[in-house]
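The next block holds one structure in the form of structure tokens; read it before the comments.
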Amino acid sequence: MLVRLLYASRATDTSSDAIEAILTQSRRHNPECGVTGILCYGGGIFLQAIEGGRMAVSELFGHIQRDPRHKDLVLLHYEEISERRFGGWTMGQVNMSKINASILLKYAEKPELDPYSVSGRVSLALLEELMATACIMGRA
């Protein structure tokens, strides 16, 4: 049974080294568990979709909840899926510097990443549009 989970959190350390460490750890660990996904980071906020087997995704989300690098963690969306949308990535990263402000304004009141102020479905639609407009880097 495949599932997709979408969450938001705030970074406790916003340095580029700290963000890169999270991506590196995800890219190393996720293939072993059959987990794929995408991470969007901007303004100190993470928006992440993870996909895989129900147990693997649940265990990973539990780990993220206990990770001191995250705070204000909120589950935005969870669903059973028939196929992955982010299957090409062990953990893709959205390049926030390449995002046109109009894409963000399409889904929110202000041109900034703020999944706390929109629904989970809106956040998922934003991630899908970012993927379609090639604002994502780091497939492996």
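Chain identifiers are assigned as A, B, and so on, following the order in which chains appear in the structure tokens; residues are numbered from 1 within each chain, and ligands are numbered from 1 in order of appearance.
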
Per DSSP on the backbone, what are the strand (DSSP E) residues of chain A, as an NGL selection string? :A and (2-11 or 36-42 or 45-53 or 70-81 or 92-94 or 136-137)

Please provide the set of residues having any atom within 8 Å of region 11-24 of chain A, restricted to only C-alpha atoms, with same-chain residues fewer than 2 positions apart removed, written as a count of residues only. 13

Which residue gives the smallest distance to Leu76 (chain A) among A:Leu127, A:Cys33, A:Leu5, A:Leu104, with only C-alpha atoms counted? A:Leu5

Tell me, which residues of region 3-139 of chain A carry DSSP helix (DSSP H, G or I), written as number ranges by chain? A: 16-33, 54-66, 96-98, 101-107, 115-117, 120-132

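Distance-wise, CA of Val35 (chain A) and CA of Ser123 (chain A) end up 19.6 Å apart.
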
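Distances to His63 (chain A) were evaluated for A:Glu109, A:Leu39, A:His29, A:Arg121 using only C-alpha atoms, and the minimum falls at A:His29.
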
Residue with smallest distance to Ser58 (chain A) - pool A:Val3, A:Met131, A:Glu83, A:Pro31, counting only C-alpha atoms: A:Val3

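One distance worth recording is that between CA of Glu32 (chain A) and CA of Leu130 (chain A), which is 26.2 Å.
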
Which one is closest to Gly88 (chain A): A:Glu51, A:Glu129, A:Ser119, A:Leu105? Count only C-alpha atoms. A:Glu51

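Counting from CA of Leu6 (chain A), the distance to CA of Gln48 (chain A) is 5.6 Å.
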